$ cat entry-v8.cif   # mmCIF, C-alpha atoms
data_my_file
loop_
_atom_site.label_atom_id
_atom_site.label_comp_id
_atom_site.auth_asym_id
_atom_site.auth_seq_id
_atom_site.Cartn_x
_atom_site.Cartn_y
_atom_site.Cartn_z
CA MET A 91 0.00 0.00 0.00
CA ASN A 92 2.77 2.43 0.95
CA LEU A 93 4.68 1.93 -2.25
CA GLU A 94 1.57 2.39 -4.32
CA ALA A 95 0.69 5.58 -2.47
CA GLN A 96 4.13 7.00 -3.15
CA ILE A 97 3.95 6.27 -6.84
CA GLN A 98 0.52 7.81 -7.08
CA THR A 99 1.35 11.04 -5.27
CA PRO A 100 2.46 13.04 -8.32
CA GLN A 101 -0.68 12.15 -10.27
CA PRO A 102 -3.74 14.38 -10.00
CA ARG A 103 -6.27 12.84 -7.63
CA THR A 104 -9.58 11.64 -8.99
CA PRO A 105 -12.23 13.97 -7.60
CA ALA A 106 -14.93 12.32 -5.54
CA TRP A 107 -17.69 13.60 -7.78
CA ALA A 108 -16.25 11.64 -10.69
CA MET A 109 -16.53 8.41 -8.76
CA LEU A 110 -20.02 9.27 -7.57
CA ARG A 111 -21.04 10.22 -11.11
CA THR A 112 -19.77 6.93 -12.49
CA LEU A 113 -21.27 4.69 -9.83
CA GLY A 114 -24.57 6.59 -9.88
CA GLY A 115 -24.74 6.50 -13.65
CA ILE A 116 -23.99 2.79 -13.84
CA ALA A 117 -26.50 2.01 -11.10
CA MET A 118 -29.13 3.95 -13.03
CA ILE A 119 -28.45 2.13 -16.30
CA SER A 120 -28.50 -1.13 -14.37
CA GLY A 121 -31.80 -0.37 -12.65
CA LEU A 122 -33.41 0.67 -15.90
CA LEU A 123 -32.32 -2.48 -17.75
CA VAL A 124 -33.38 -4.84 -14.98
CA ALA A 125 -36.78 -3.14 -14.58
CA LEU A 126 -37.41 -3.32 -18.33
CA VAL A 127 -36.53 -7.00 -18.58
CA TYR A 128 -38.55 -7.81 -15.44
CA GLN A 129 -41.65 -6.11 -16.82
CA PHE A 130 -41.25 -7.85 -20.14
CA THR A 131 -40.66 -11.38 -18.83
CA LEU A 132 -43.12 -11.35 -15.90
CA PRO A 133 -46.22 -12.48 -17.85
CA ILE A 134 -44.20 -15.07 -19.80
CA ILE A 135 -42.80 -16.59 -16.61
CA ALA A 136 -46.24 -16.70 -14.98
CA GLU A 137 -47.62 -18.44 -18.07
CA ASN A 138 -44.74 -20.97 -18.01
CA GLN A 139 -45.46 -21.68 -14.35
CA ARG A 140 -49.14 -22.24 -15.11
CA VAL A 141 -48.40 -24.60 -18.02
CA LEU A 142 -45.88 -26.55 -15.94
CA THR A 143 -48.38 -27.05 -13.08
CA GLU A 144 -51.12 -27.99 -15.52
CA GLN A 145 -48.89 -30.59 -17.18
CA ALA A 146 -48.05 -32.11 -13.80
CA VAL A 147 -51.73 -32.22 -12.77
CA PHE A 148 -52.79 -33.85 -16.05
CA ARG A 149 -49.98 -36.35 -15.72
CA VAL A 150 -50.98 -37.58 -12.27
CA LEU A 151 -54.66 -37.49 -13.22
CA PRO A 152 -54.96 -38.97 -16.71
CA GLY A 153 -58.28 -38.20 -18.36
CA ALA A 154 -58.44 -34.68 -17.00
CA VAL A 155 -58.73 -31.81 -19.46
CA GLY A 156 -59.45 -28.89 -17.16
CA LYS A 157 -57.96 -27.61 -13.92
CA ARG A 158 -59.21 -25.21 -11.27
CA ASP A 159 -57.10 -23.92 -8.37
CA PHE A 160 -58.30 -24.00 -4.78
CA VAL A 161 -56.74 -22.84 -1.56
CA ILE A 162 -56.86 -24.44 1.88
CA THR A 163 -57.73 -21.52 4.15
CA ALA A 164 -56.48 -21.09 7.69
CA ASP A 165 -59.65 -22.57 9.22
CA GLY A 166 -59.37 -25.75 7.14
CA ALA A 167 -61.90 -24.89 4.47
CA LEU A 168 -61.49 -24.99 0.71
CA SER A 169 -62.05 -21.89 -1.34
CA PRO A 170 -61.42 -21.01 -4.99
CA ALA A 171 -58.01 -19.42 -5.45
CA GLY A 172 -57.98 -15.74 -6.24
CA GLU A 173 -56.77 -12.39 -5.08
CA GLY A 174 -56.39 -12.07 -1.36
CA VAL A 175 -56.76 -15.78 -0.55
CA ASP A 176 -53.66 -17.29 1.05
CA GLY A 177 -52.79 -20.87 1.81
CA ALA A 178 -51.63 -24.14 0.29
CA LEU A 179 -52.89 -24.81 -3.21
CA VAL A 180 -54.81 -27.88 -4.33
CA TYR A 181 -55.84 -28.45 -7.91
CA GLY A 182 -59.16 -29.87 -8.96
CA ALA A 183 -58.97 -31.76 -12.25
CA TYR A 184 -62.06 -32.16 -14.44
CA ASP A 185 -63.04 -34.22 -17.46
CA GLN A 186 -64.79 -32.97 -20.58
CA ASP A 187 -68.24 -32.85 -18.94
CA GLY A 188 -66.92 -30.94 -15.95
CA GLY A 189 -67.00 -33.95 -13.65
CA LEU A 190 -64.31 -34.19 -10.99
CA VAL A 191 -61.57 -36.66 -11.99
CA GLY A 192 -59.53 -36.19 -8.86
CA VAL A 193 -57.62 -33.67 -6.83
CA ALA A 194 -53.91 -32.94 -7.16
CA ILE A 195 -52.23 -32.13 -3.85
CA THR A 196 -48.59 -31.29 -3.16
CA GLY A 197 -46.31 -32.15 -0.30
CA SER A 198 -42.68 -31.69 0.53
CA ALA A 199 -40.13 -33.37 2.79
CA LEU A 200 -36.40 -33.26 3.32
CA GLY A 201 -34.62 -35.95 1.32
CA TYR A 202 -30.98 -36.95 1.00
CA ALA A 203 -30.00 -33.75 -0.82
CA GLY A 204 -32.48 -31.02 -0.02
CA PRO A 205 -36.25 -30.90 -0.27
CA VAL A 206 -38.27 -33.33 -2.36
CA ASN A 207 -41.43 -31.72 -3.71
CA VAL A 208 -44.05 -34.16 -4.90
CA MET A 209 -47.49 -33.90 -6.45
CA PHE A 210 -50.01 -36.63 -5.57
CA ALA A 211 -53.34 -37.46 -7.13
CA TYR A 212 -56.08 -37.92 -4.54
CA ASP A 213 -59.32 -39.67 -5.37
CA PRO A 214 -62.11 -38.60 -2.97
CA GLU A 215 -64.26 -41.60 -3.91
CA CYS A 216 -61.87 -44.33 -2.71
CA ALA A 217 -60.16 -41.94 -0.26
CA CYS A 218 -56.78 -42.92 -1.57
CA ILE A 219 -53.77 -41.56 -3.38
CA THR A 220 -53.68 -42.82 -6.96
CA ALA A 221 -50.48 -41.43 -8.48
CA SER A 222 -47.33 -39.45 -7.71
CA LYS A 223 -44.94 -37.22 -9.60
CA VAL A 224 -41.77 -35.67 -8.20
CA LEU A 225 -41.83 -31.97 -9.06
CA GLN A 226 -38.40 -31.11 -7.78
CA SER A 227 -35.57 -32.95 -6.07
CA ASN A 228 -31.79 -33.08 -6.02
CA GLU A 229 -31.61 -36.74 -5.06
CA THR A 230 -28.60 -38.73 -6.26
CA PRO A 231 -28.93 -39.88 -9.87
CA GLY A 232 -29.24 -43.66 -10.08
CA PHE A 233 -30.48 -44.02 -6.51
CA GLY A 234 -32.77 -41.29 -5.18
CA ASP A 235 -34.15 -40.38 -8.58
CA LYS A 236 -35.77 -43.82 -8.79
CA LEU A 237 -38.65 -42.22 -6.86
CA ASP A 238 -40.13 -41.15 -10.16
CA PHE A 239 -39.20 -44.12 -12.36
CA ASP A 240 -38.96 -47.38 -10.40
CA PRO A 241 -42.08 -49.34 -11.45
CA ALA A 242 -42.23 -51.36 -8.22
CA PHE A 243 -42.04 -48.20 -6.12
CA LEU A 244 -44.64 -46.35 -8.21
CA LYS A 245 -47.02 -49.29 -7.62
CA ASN A 246 -47.23 -48.09 -4.00
CA PHE A 247 -49.09 -45.04 -5.16
CA GLU A 248 -51.76 -46.76 -7.21
CA ALA A 249 -54.11 -47.11 -4.23
CA LEU A 250 -52.44 -45.71 -1.16
CA ASP A 251 -54.88 -45.59 1.72
CA ALA A 252 -55.61 -42.02 2.89
CA ARG A 253 -58.88 -42.50 4.80
CA LEU A 254 -59.83 -39.97 7.44
CA ASN A 255 -60.34 -40.83 11.09
CA ASP A 256 -63.76 -40.63 12.70
CA GLY A 257 -63.26 -37.00 13.71
CA GLY A 258 -62.47 -36.08 10.11
CA ASP A 259 -59.55 -33.86 11.05
CA ALA A 260 -56.61 -36.19 10.29
CA LEU A 261 -55.77 -39.41 8.49
CA ALA A 262 -56.94 -42.62 10.17
CA ASN A 263 -53.48 -44.10 9.55
CA GLU A 264 -50.36 -42.06 9.00
CA ILE A 265 -48.72 -42.81 5.66
CA VAL A 266 -45.25 -44.21 6.33
CA THR A 267 -42.45 -45.73 4.31
CA VAL A 268 -41.41 -49.17 5.52
CA LYS A 269 -38.32 -51.20 4.74
CA HIS A 270 -38.28 -52.85 1.34
CA GLY A 271 -40.35 -56.02 1.31
CA THR A 272 -42.13 -55.46 4.63
CA LYS A 273 -45.26 -53.68 3.42
CA THR A 274 -48.35 -55.24 4.98
CA GLN A 275 -50.90 -52.42 5.21
CA SER A 276 -52.52 -50.38 2.46
CA TRP A 277 -51.25 -47.12 3.98
CA GLU A 278 -47.63 -48.24 3.95
CA ILE A 279 -45.11 -47.50 1.21
CA ASP A 280 -42.63 -50.22 0.29
CA GLY A 281 -39.26 -48.47 0.27
CA ILE A 282 -36.52 -48.80 -2.35
CA SER A 283 -33.51 -50.67 -1.01
CA GLY A 284 -30.45 -48.47 -1.53
CA ALA A 285 -32.51 -45.30 -1.48
CA THR A 286 -33.95 -45.47 2.02
CA ILE A 287 -33.68 -41.77 2.85
CA SER A 288 -35.28 -40.73 -0.43
CA SER A 289 -38.14 -43.21 -0.12
CA LYS A 290 -38.75 -42.14 3.47
CA ALA A 291 -38.89 -38.53 2.31
CA MET A 292 -41.47 -39.58 -0.25
CA GLY A 293 -43.57 -41.15 2.51
CA ARG A 294 -43.34 -38.02 4.64
CA ALA A 295 -44.24 -35.84 1.66
CA ALA A 296 -47.33 -38.01 1.01
CA ASN A 297 -48.28 -37.84 4.68
CA ASN A 298 -47.80 -34.06 4.81
CA ALA A 299 -49.82 -33.54 1.67
CA ALA A 300 -52.67 -35.80 2.75
CA GLN A 301 -52.82 -34.64 6.37
CA ARG A 302 -53.15 -31.06 5.19
CA ALA A 303 -55.43 -31.43 2.20
CA VAL A 304 -57.66 -34.46 2.74
CA PRO A 305 -59.68 -33.10 5.71
CA ALA A 306 -60.39 -29.90 3.76
CA ILE A 307 -61.31 -31.83 0.62
CA ALA A 308 -63.65 -34.12 2.57
CA ARG A 309 -65.27 -31.14 4.28
CA ASP A 310 -65.76 -29.03 1.16
CA LEU A 311 -66.18 -31.62 -1.56
CA ALA A 312 -69.19 -29.64 -2.80
CA VAL A 313 -66.93 -26.67 -3.58
CA LEU A 314 -64.78 -28.94 -5.72
CA THR A 315 -67.57 -30.68 -7.59
CA GLN A 316 -69.81 -27.70 -8.28
CA GLN A 317 -69.73 -26.68 -11.93
CA ASN A 318 -69.19 -23.13 -12.96
CA MET T 103 -4.38 -0.02 -15.03
CA ALA T 104 -4.46 1.49 -18.52
CA GLU T 105 -1.38 3.62 -18.00
CA LEU T 106 0.80 1.91 -20.62
CA PRO T 107 1.09 4.16 -23.68
CA ASN T 108 -0.48 2.14 -26.46
CA THR T 109 -1.96 -1.19 -25.51
CA GLU T 110 -4.86 -1.16 -27.97
CA GLU T 111 -4.62 -4.09 -30.27
CA ARG T 112 -5.60 -4.26 -33.91
CA LEU T 113 -8.51 -6.38 -34.97
CA THR T 114 -7.26 -9.63 -36.49
CA PRO T 115 -8.74 -13.12 -36.83
CA ASP T 116 -6.54 -13.97 -33.90
CA THR T 117 -8.58 -11.63 -31.67
CA PHE T 118 -11.42 -14.13 -31.98
CA LEU T 119 -9.49 -17.36 -32.27
CA ARG T 120 -7.37 -16.83 -29.17
CA GLY T 121 -10.38 -17.46 -26.94
CA LEU T 122 -11.14 -20.70 -28.72
CA TRP T 123 -7.70 -22.27 -28.54
CA GLU T 124 -4.59 -20.44 -27.44
CA GLU T 125 -6.19 -18.74 -24.41
CA ASN T 126 -9.20 -21.00 -23.94
CA PRO T 127 -10.68 -19.88 -20.62
CA VAL T 128 -11.22 -23.43 -19.37
CA PHE T 129 -8.56 -25.66 -20.88
CA VAL T 130 -5.69 -23.15 -20.85
CA MET T 131 -6.45 -20.48 -18.27
CA LEU T 132 -8.40 -22.81 -15.96
CA LEU T 133 -10.87 -20.06 -15.06
CA GLY T 134 -14.53 -20.42 -14.11
CA MET T 135 -14.14 -24.00 -12.94
CA CYS T 136 -17.27 -23.90 -10.75
CA PRO T 137 -19.89 -24.03 -13.55
CA VAL T 138 -17.55 -26.19 -15.66
CA LEU T 139 -17.72 -28.95 -13.07
CA ALA T 140 -21.19 -28.38 -11.71
CA VAL T 141 -23.61 -28.00 -14.59
CA THR T 142 -22.04 -30.15 -17.28
CA SER T 143 -23.90 -33.35 -16.44
CA THR T 144 -25.93 -33.11 -19.67
CA THR T 145 -25.28 -31.55 -23.07
CA VAL T 146 -28.32 -29.28 -22.88
CA ASN T 147 -27.33 -27.87 -19.50
CA ALA T 148 -23.78 -27.31 -20.69
CA LEU T 149 -24.96 -25.53 -23.82
CA ALA T 150 -27.42 -23.33 -21.92
CA MET T 151 -24.82 -22.42 -19.33
CA GLY T 152 -22.26 -21.66 -22.04
CA LEU T 153 -24.66 -19.42 -23.96
CA ALA T 154 -25.80 -17.62 -20.81
CA THR T 155 -22.20 -16.95 -19.80
CA THR T 156 -21.34 -15.81 -23.32
CA PHE T 157 -24.24 -13.36 -23.30
CA VAL T 158 -23.17 -11.87 -19.97
CA LEU T 159 -19.53 -11.81 -21.07
CA VAL T 160 -20.21 -10.03 -24.36
CA CYS T 161 -22.71 -7.51 -22.98
CA SER T 162 -20.70 -6.58 -19.92
CA SER T 163 -17.44 -6.36 -21.89
CA LEU T 164 -19.11 -4.05 -24.40
CA LEU T 165 -20.47 -1.78 -21.69
CA VAL T 166 -17.14 -1.71 -19.88
CA SER T 167 -15.33 -0.89 -23.11
CA LEU T 168 -17.86 1.82 -23.90
CA LEU T 169 -17.46 3.44 -20.49
CA ARG T 170 -13.72 2.76 -20.18
CA ASN T 171 -12.64 6.41 -20.24
CA TRP T 172 -15.38 7.35 -17.84
CA ILE T 173 -14.70 4.90 -14.99
CA PRO T 174 -12.12 6.18 -12.46
CA LYS T 175 -9.78 3.34 -11.58
CA GLN T 176 -10.58 3.58 -7.87
CA VAL T 177 -14.15 2.43 -8.46
CA ARG T 178 -13.57 0.18 -11.47
CA ILE T 179 -14.13 -3.16 -9.73
CA ALA T 180 -17.38 -1.95 -8.16
CA SER T 181 -18.51 -0.67 -11.55
CA TYR T 182 -17.66 -3.95 -13.28
CA ILE T 183 -19.52 -5.97 -10.67
CA VAL T 184 -22.66 -3.84 -10.99
CA ILE T 185 -22.53 -4.10 -14.79
CA ILE T 186 -22.02 -7.88 -14.68
CA ALA T 187 -24.74 -8.35 -12.06
CA THR T 188 -27.18 -6.43 -14.25
CA PHE T 189 -26.70 -8.75 -17.19
CA VAL T 190 -26.79 -11.83 -14.97
CA THR T 191 -30.19 -10.72 -13.64
CA ILE T 192 -31.38 -10.25 -17.22
CA VAL T 193 -30.19 -13.75 -18.15
CA ASP T 194 -31.86 -15.13 -15.03
CA TYR T 195 -35.26 -13.73 -16.09
CA ALA T 196 -34.68 -14.72 -19.72
CA ILE T 197 -34.01 -18.37 -18.85
CA GLN T 198 -37.12 -18.50 -16.65
CA ALA T 199 -39.09 -17.14 -19.59
CA ILE T 200 -37.58 -19.68 -21.99
CA SER T 201 -37.96 -22.82 -19.88
CA LEU T 202 -38.61 -23.34 -16.19
CA GLU T 203 -37.27 -26.90 -16.40
CA LEU T 204 -33.94 -25.62 -17.69
CA TYR T 205 -33.98 -22.99 -14.95
CA ALA T 206 -34.48 -25.70 -12.32
CA ALA T 207 -31.71 -27.82 -13.83
CA LEU T 208 -29.16 -24.99 -13.78
CA GLY T 209 -30.19 -23.93 -10.29
CA ALA T 210 -28.04 -21.42 -8.44
CA PHE T 211 -25.35 -21.49 -11.10
CA ILE T 212 -27.10 -18.87 -13.20
CA GLN T 213 -26.86 -16.32 -10.41
CA LEU T 214 -23.29 -17.46 -9.77
CA ILE T 215 -22.26 -16.23 -13.23
CA VAL T 216 -21.73 -12.94 -11.35
CA ALA T 217 -18.73 -14.50 -9.68
CA ASN T 218 -17.38 -16.12 -12.85
CA CYS T 219 -13.79 -14.95 -13.09
CA VAL T 220 -13.69 -15.32 -16.87
CA ILE T 221 -16.04 -12.35 -17.11
CA LEU T 222 -14.43 -10.16 -14.48
CA GLY T 223 -11.03 -11.10 -15.90
CA ARG T 224 -12.06 -10.02 -19.41
CA ALA T 225 -13.47 -6.74 -18.12
CA GLU T 226 -10.33 -5.92 -16.15
CA ALA T 227 -7.66 -7.25 -18.49
CA TYR T 228 -9.17 -6.55 -21.88
CA ALA T 229 -12.39 -4.57 -22.21
CA SER T 230 -11.18 -1.70 -20.01
CA LYS T 231 -8.29 -1.04 -22.40
CA GLN T 232 -9.61 -1.89 -25.84
CA LYS T 233 -11.90 -0.38 -28.44
CA LEU T 234 -15.51 -1.51 -28.79
CA MET T 235 -15.04 -3.63 -31.90
CA THR T 236 -11.99 -5.60 -30.74
CA THR T 237 -13.72 -6.14 -27.38
CA LEU T 238 -16.81 -7.50 -29.08
CA VAL T 239 -14.81 -9.93 -31.21
CA ASN T 240 -12.53 -11.01 -28.38
CA SER T 241 -15.33 -11.60 -25.88
CA LEU T 242 -17.32 -13.52 -28.49
CA GLY T 243 -14.26 -15.72 -28.98
CA MET T 244 -13.82 -16.23 -25.25
CA GLY T 245 -17.52 -17.03 -24.88
CA ALA T 246 -17.34 -19.51 -27.74
CA GLY T 247 -14.27 -21.10 -26.16
CA PHE T 248 -16.04 -21.38 -22.81
CA THR T 249 -19.17 -22.85 -24.41
CA LEU T 250 -17.08 -25.30 -26.41
CA ALA T 251 -15.28 -26.43 -23.26
CA LEU T 252 -18.56 -26.90 -21.36
CA LEU T 253 -19.96 -28.85 -24.30
CA SER T 254 -16.95 -31.15 -24.50
CA LEU T 255 -17.44 -32.03 -20.85
CA GLY T 256 -21.23 -32.20 -21.04
CA THR T 257 -21.34 -34.47 -24.07
CA VAL T 258 -18.84 -36.96 -22.69
CA ARG T 259 -20.52 -37.02 -19.28
CA GLU T 260 -24.00 -37.48 -20.71
CA ILE T 261 -22.91 -40.27 -23.06
CA LEU T 262 -21.05 -42.21 -20.38
CA GLY T 263 -23.20 -41.36 -17.39
CA ASN T 264 -26.64 -41.59 -18.91
CA GLY T 265 -26.16 -43.43 -22.20
CA THR T 266 -27.82 -40.60 -24.09
CA ILE T 267 -26.95 -37.52 -26.10
CA LEU T 268 -29.40 -34.60 -26.03
CA GLY T 269 -31.82 -37.05 -24.42
CA ILE T 270 -31.62 -39.53 -27.31
CA SER T 271 -30.64 -43.04 -26.27
CA LEU T 272 -27.39 -44.24 -27.85
CA PHE T 273 -26.93 -47.72 -26.49
CA PRO T 274 -29.05 -50.89 -26.36
CA ALA T 275 -31.29 -51.20 -23.32
CA ASP T 276 -28.91 -53.47 -21.42
CA PHE T 277 -26.17 -50.79 -21.32
CA GLN T 278 -25.45 -49.96 -17.70
CA PRO T 279 -24.53 -46.24 -17.58
CA TRP T 280 -21.56 -45.15 -15.44
CA ILE T 281 -23.55 -43.12 -12.98
CA VAL T 282 -20.38 -41.73 -11.42
CA MET T 283 -19.90 -39.66 -14.56
CA ILE T 284 -22.94 -37.48 -13.88
CA LEU T 285 -22.03 -37.18 -10.20
CA PRO T 286 -19.49 -34.53 -9.11
CA PRO T 287 -16.43 -36.86 -9.32
CA GLY T 288 -17.23 -37.52 -12.98
CA GLY T 289 -16.76 -33.84 -13.67
CA PHE T 290 -13.21 -34.01 -12.35
CA PHE T 291 -12.45 -37.22 -14.27
CA VAL T 292 -13.63 -35.81 -17.59
CA LEU T 293 -12.01 -32.41 -17.04
CA GLY T 294 -8.74 -34.16 -16.19
CA ALA T 295 -8.94 -36.27 -19.32
CA TRP T 296 -9.54 -33.23 -21.54
CA LEU T 297 -6.70 -31.28 -19.91
CA LEU T 298 -4.42 -34.26 -20.46
CA LEU T 299 -5.33 -34.33 -24.13
CA PHE T 300 -4.87 -30.58 -24.63
CA ASN T 301 -1.57 -30.45 -22.79
CA TRP T 302 -0.30 -33.43 -24.72
CA LEU T 303 -1.25 -31.73 -28.00
CA ARG T 304 0.51 -28.53 -26.97
CA LEU T 305 3.64 -30.35 -25.81
CA ARG T 306 3.80 -32.26 -29.05
CA LYS T 307 3.49 -29.03 -31.04
CA GLU T 308 6.25 -27.37 -29.01
CA ARG T 309 8.47 -30.36 -29.39
CA LYS T 310 8.04 -30.24 -33.13
CA ALA T 311 8.89 -26.55 -33.17
CA THR T 312 12.03 -26.82 -31.06
CA GLY T 313 13.33 -30.15 -32.33
CA PRO T 314 13.28 -33.51 -30.62
CA ILE T 315 15.70 -32.73 -27.79
CA GLY T 316 14.53 -29.14 -27.21
CA VAL T 317 13.56 -28.18 -23.68
CA THR T 318 9.81 -27.89 -23.75
CA ALA T 319 7.56 -27.92 -20.72
CA ASP T 320 8.59 -24.57 -19.29
CA ALA T 321 6.63 -22.67 -16.69
CA ARG T 322 3.59 -22.39 -18.91
#

$ encode --input "entry-v8.cif" --output "structure tokens"
Amino acid sequence: MNLEAQIQTPQPRTPAWAMLRTLGGIAMISGLLVALVYQFTLPIIAENQRVLTEQAVFRVLPGAVGKRDFVITADGALSPAGEGVDGALVYGAYDQDGGLVGVAITGSALGYAGPVNVMFAYDPECACITASKVLQSNETPGFGDKLDFDPAFLKNFEALDARLNDGGDALANEIVTVKHGTKTQSWEIDGISGATISSKAMGRAANNAAQRAVPAIARDLAVLTQQN
Amino acid sequence: MAELPNTEERLTPDTFLRGLWEENPVFVMLLGMCPVLAVTSTTVNALAMGLATTFVLVCSSLLVSLLRNWIPKQVRIASYIVIIATFVTIVDYAIQAISLELYAALGAFIQLIVANCVILGRAEAYASKQKLMTTLVNSLGMGAGFTLALLSLGTVREILGNGTILGISLFPADFQPWIVMILPPGGFFVLGAWLLLFNWLRLRKERKATGPIGVTADAR
């Protein structure tokens, strides 16, 4: 530092206003550019998000052609999503005649490498989960990513018991992942050997999703099935 | 920095080509290793990352070159960072608008382009001293070199680690992919192999130039 200071002494010093001018000017250009791009891309990104969710819903609920968004309100009721309504989203999926095909619910749990976000299809008629699709995970390729591909594991989600208890405020049986080959009950998930942590996360995600959404769906099924 | 009397270089084909080969940011200068290792598990990711970095590199170099006589050297680094961060934010929104799946696959590494030393290095060592046109050509070359390097890793890793290229299956169904290649260690293996190849090529060239007994591998 000393040496540099000595060398610089004979040179004229840069006035402070020049530095302020430069930084201010650059910050202004920067702000302008970012604001422009943000305004321009905002509707496109929202549309992408909508299409992505719709694709996931239609994938877990084959036969559906329409989707309506609902929100689980703080007091455990279901209300159509819109401005000023906060809470976890559930998606009602409808066939051509407007009949309810099923409900897509989402849950999340901590896996081996960060959160695993999963969408489940819930069928109010049999009170069970009928399909699953991992929306986002960083699980190890070749092990944890089997959650979405392993045919034996996916079989767990073809009719996973999610009945409510007598009070109607929670599941009668918590959904759990059990060790590979020890599944005996219809609410148990047969884990993948070699990917225990990931399959357990999947079980917790299913339990979270169902515990939160199923009581509200059972209570306000009329809101879901009414045609508009 | 720009105190030397005349450091402006003339525009030649070499201005572009240097970034591709002689001064390739990845294989020669070993800069920006973080995205090189982290997002090259598939060809598409590698290509997207390379193009995003090239865009930021070219735009920020142009702006730095344009403002080069206007930025006092005391605040140059701060100015460069703000300029780079602006274009990274733009790329971030652009990728979300193009494909959310791609955005999820690249993850935090889009924002981390801000810290990519290829870009800051170009701004400091080149764009701040050179005219607009030479800067444009040189940064395009550097970007192309970076993209090429990412692609050479991404393609090899996807073929070996997943048995596919651009998502198209290459091998019969009973091929067991080497999963380690798409895991972090695979990145190091493939990078090491490419560096070996490039250094061998360069050594061979030098040996040819200086004769068989010539002393080659100097400090470079």

$ atom_distance --input "entry-v8.cif" --atom1 "CA of Val130 in chain T" --atom2 "CA of Asn240 in chain T"
15.8 Å

$ interface_residues --input "entry-v8.cif" --of "chain A" --to "chain T" --cutoff "9 Å" --atoms "only C-alpha atoms" --output "list of chain:residue names"
A:Thr104, A:Ala108, A:Met109, A:Thr112, A:Leu113, A:Ile116, A:Ala117, A:Ile119, A:Ser120, A:Gly121, A:Leu123, A:Val124, A:Val127, A:Tyr128, A:Thr131, A:Leu132, A:Pro133, A:Ile134, A:Ile135, A:Ala136, A:Glu137, A:Asn138, A:Gln139, A:Leu142, A:Gln226, A:Thr230, A:Pro231, A:Gly232

$ residues_around --input "entry-v8.cif" --residues "Ala242 in chain A" --least-positions-apart "4" --cutoff "12 Å" --atoms "only C-alpha atoms" --output "PyMOL selection string"
chain A and resi 236-238+246-248+270-271+279-283

$ closest_residue --input "entry-v8.cif" --among "T:Phe290, T:Tyr205, T:Trp296, T:Phe273" --to "Phe129 in chain T" --atoms "all atoms listed in the file"
T:Trp296

$ residues_around --input "entry-v8.cif" --residues "Gln186 in chain A" --least-positions-apart "4" --cutoff "10 Å" --atoms "all atoms listed in the file" --output "PDB file with C-alpha atoms, in the coordinates of the input"
ATOM      1  CA  GLY A 153     -58.280 -38.200 -18.360  1.00  0.00           C
ATOM      2  CA  ALA A 154     -58.440 -34.680 -17.000  1.00  0.00           C
ATOM      3  CA  VAL A 155     -58.730 -31.810 -19.460  1.00  0.00           C
ATOM      4  CA  GLY A 156     -59.450 -28.890 -17.160  1.00  0.00           C
ATOM      5  CA  LEU A 190     -64.310 -34.190 -10.990  1.00  0.00           C
ATOM      6  CA  VAL A 191     -61.570 -36.660 -11.990  1.00  0.00           C
TER       7      VAL A 191
END

$ residues_around --input "entry-v8.cif" --residues "Val128 in chain T" --least-positions-apart "5" --cutoff "12 Å" --atoms "all atoms listed in the file" --output "tab-separated table (two decimals) with C-alpha atoms, keeping the file's coordinate frame"
chain	number	residue	atom	x	y	z
T	121	GLY	CA	-10.38	-17.46	-26.94
T	122	LEU	CA	-11.14	-20.70	-28.72
T	123	TRP	CA	-7.70	-22.27	-28.54
T	133	LEU	CA	-10.87	-20.06	-15.06
T	134	GLY	CA	-14.53	-20.42	-14.11
T	135	MET	CA	-14.14	-24.00	-12.94
T	136	CYS	CA	-17.27	-23.90	-10.75
T	137	PRO	CA	-19.89	-24.03	-13.55
T	138	VAL	CA	-17.55	-26.19	-15.66
T	139	LEU	CA	-17.72	-28.95	-13.07
T	152	GLY	CA	-22.26	-21.66	-22.04
T	218	ASN	CA	-17.38	-16.12	-12.85
T	219	CYS	CA	-13.79	-14.95	-13.09
T	220	VAL	CA	-13.69	-15.32	-16.87
T	244	MET	CA	-13.82	-16.23	-25.25
T	245	GLY	CA	-17.52	-17.03	-24.88
T	246	ALA	CA	-17.34	-19.51	-27.74
T	247	GLY	CA	-14.27	-21.10	-26.16
T	248	PHE	CA	-16.04	-21.38	-22.81
T	249	THR	CA	-19.17	-22.85	-24.41
T	250	LEU	CA	-17.08	-25.30	-26.41
T	251	ALA	CA	-15.28	-26.43	-23.26
T	252	LEU	CA	-18.56	-26.90	-21.36
T	253	LEU	CA	-19.96	-28.85	-24.30
T	254	SER	CA	-16.95	-31.15	-24.50
T	255	LEU	CA	-17.44	-32.03	-20.85
T	293	LEU	CA	-12.01	-32.41	-17.04
T	294	GLY	CA	-8.74	-34.16	-16.19
T	296	TRP	CA	-9.54	-33.23	-21.54
T	297	LEU	CA	-6.70	-31.28	-19.91
T	300	PHE	CA	-4.87	-30.58	-24.63

$ residues_around --input "entry-v8.cif" --residues "range 295-303 of chain A" --least-positions-apart "2" --cutoff "8 Å" --atoms "all atoms listed in the file" --output "PyMOL selection string"
chain A and resi 162+180+195-199+206-208+210+252+260-261+264-266+291-293+305-307

$ atom_distance --input "entry-v8.cif" --atom1 "CA of Leu159 in chain T" --atom2 "CA of Thr145 in chain T"
20.7 Å

$ residues_around --input "entry-v8.cif" --residues "Tyr181 in chain A" --least-positions-apart "4" --cutoff "10 Å" --atoms "all atoms listed in the file" --output "list in words"
Thr143, Glu144, Val147, Gly156, Lys157, Arg158, Asp159, Phe160, Val161, Pro170, Ala171, Gly192, Val193, Ala194, Ile195, Thr196, Ala211 and Leu314 of chain A
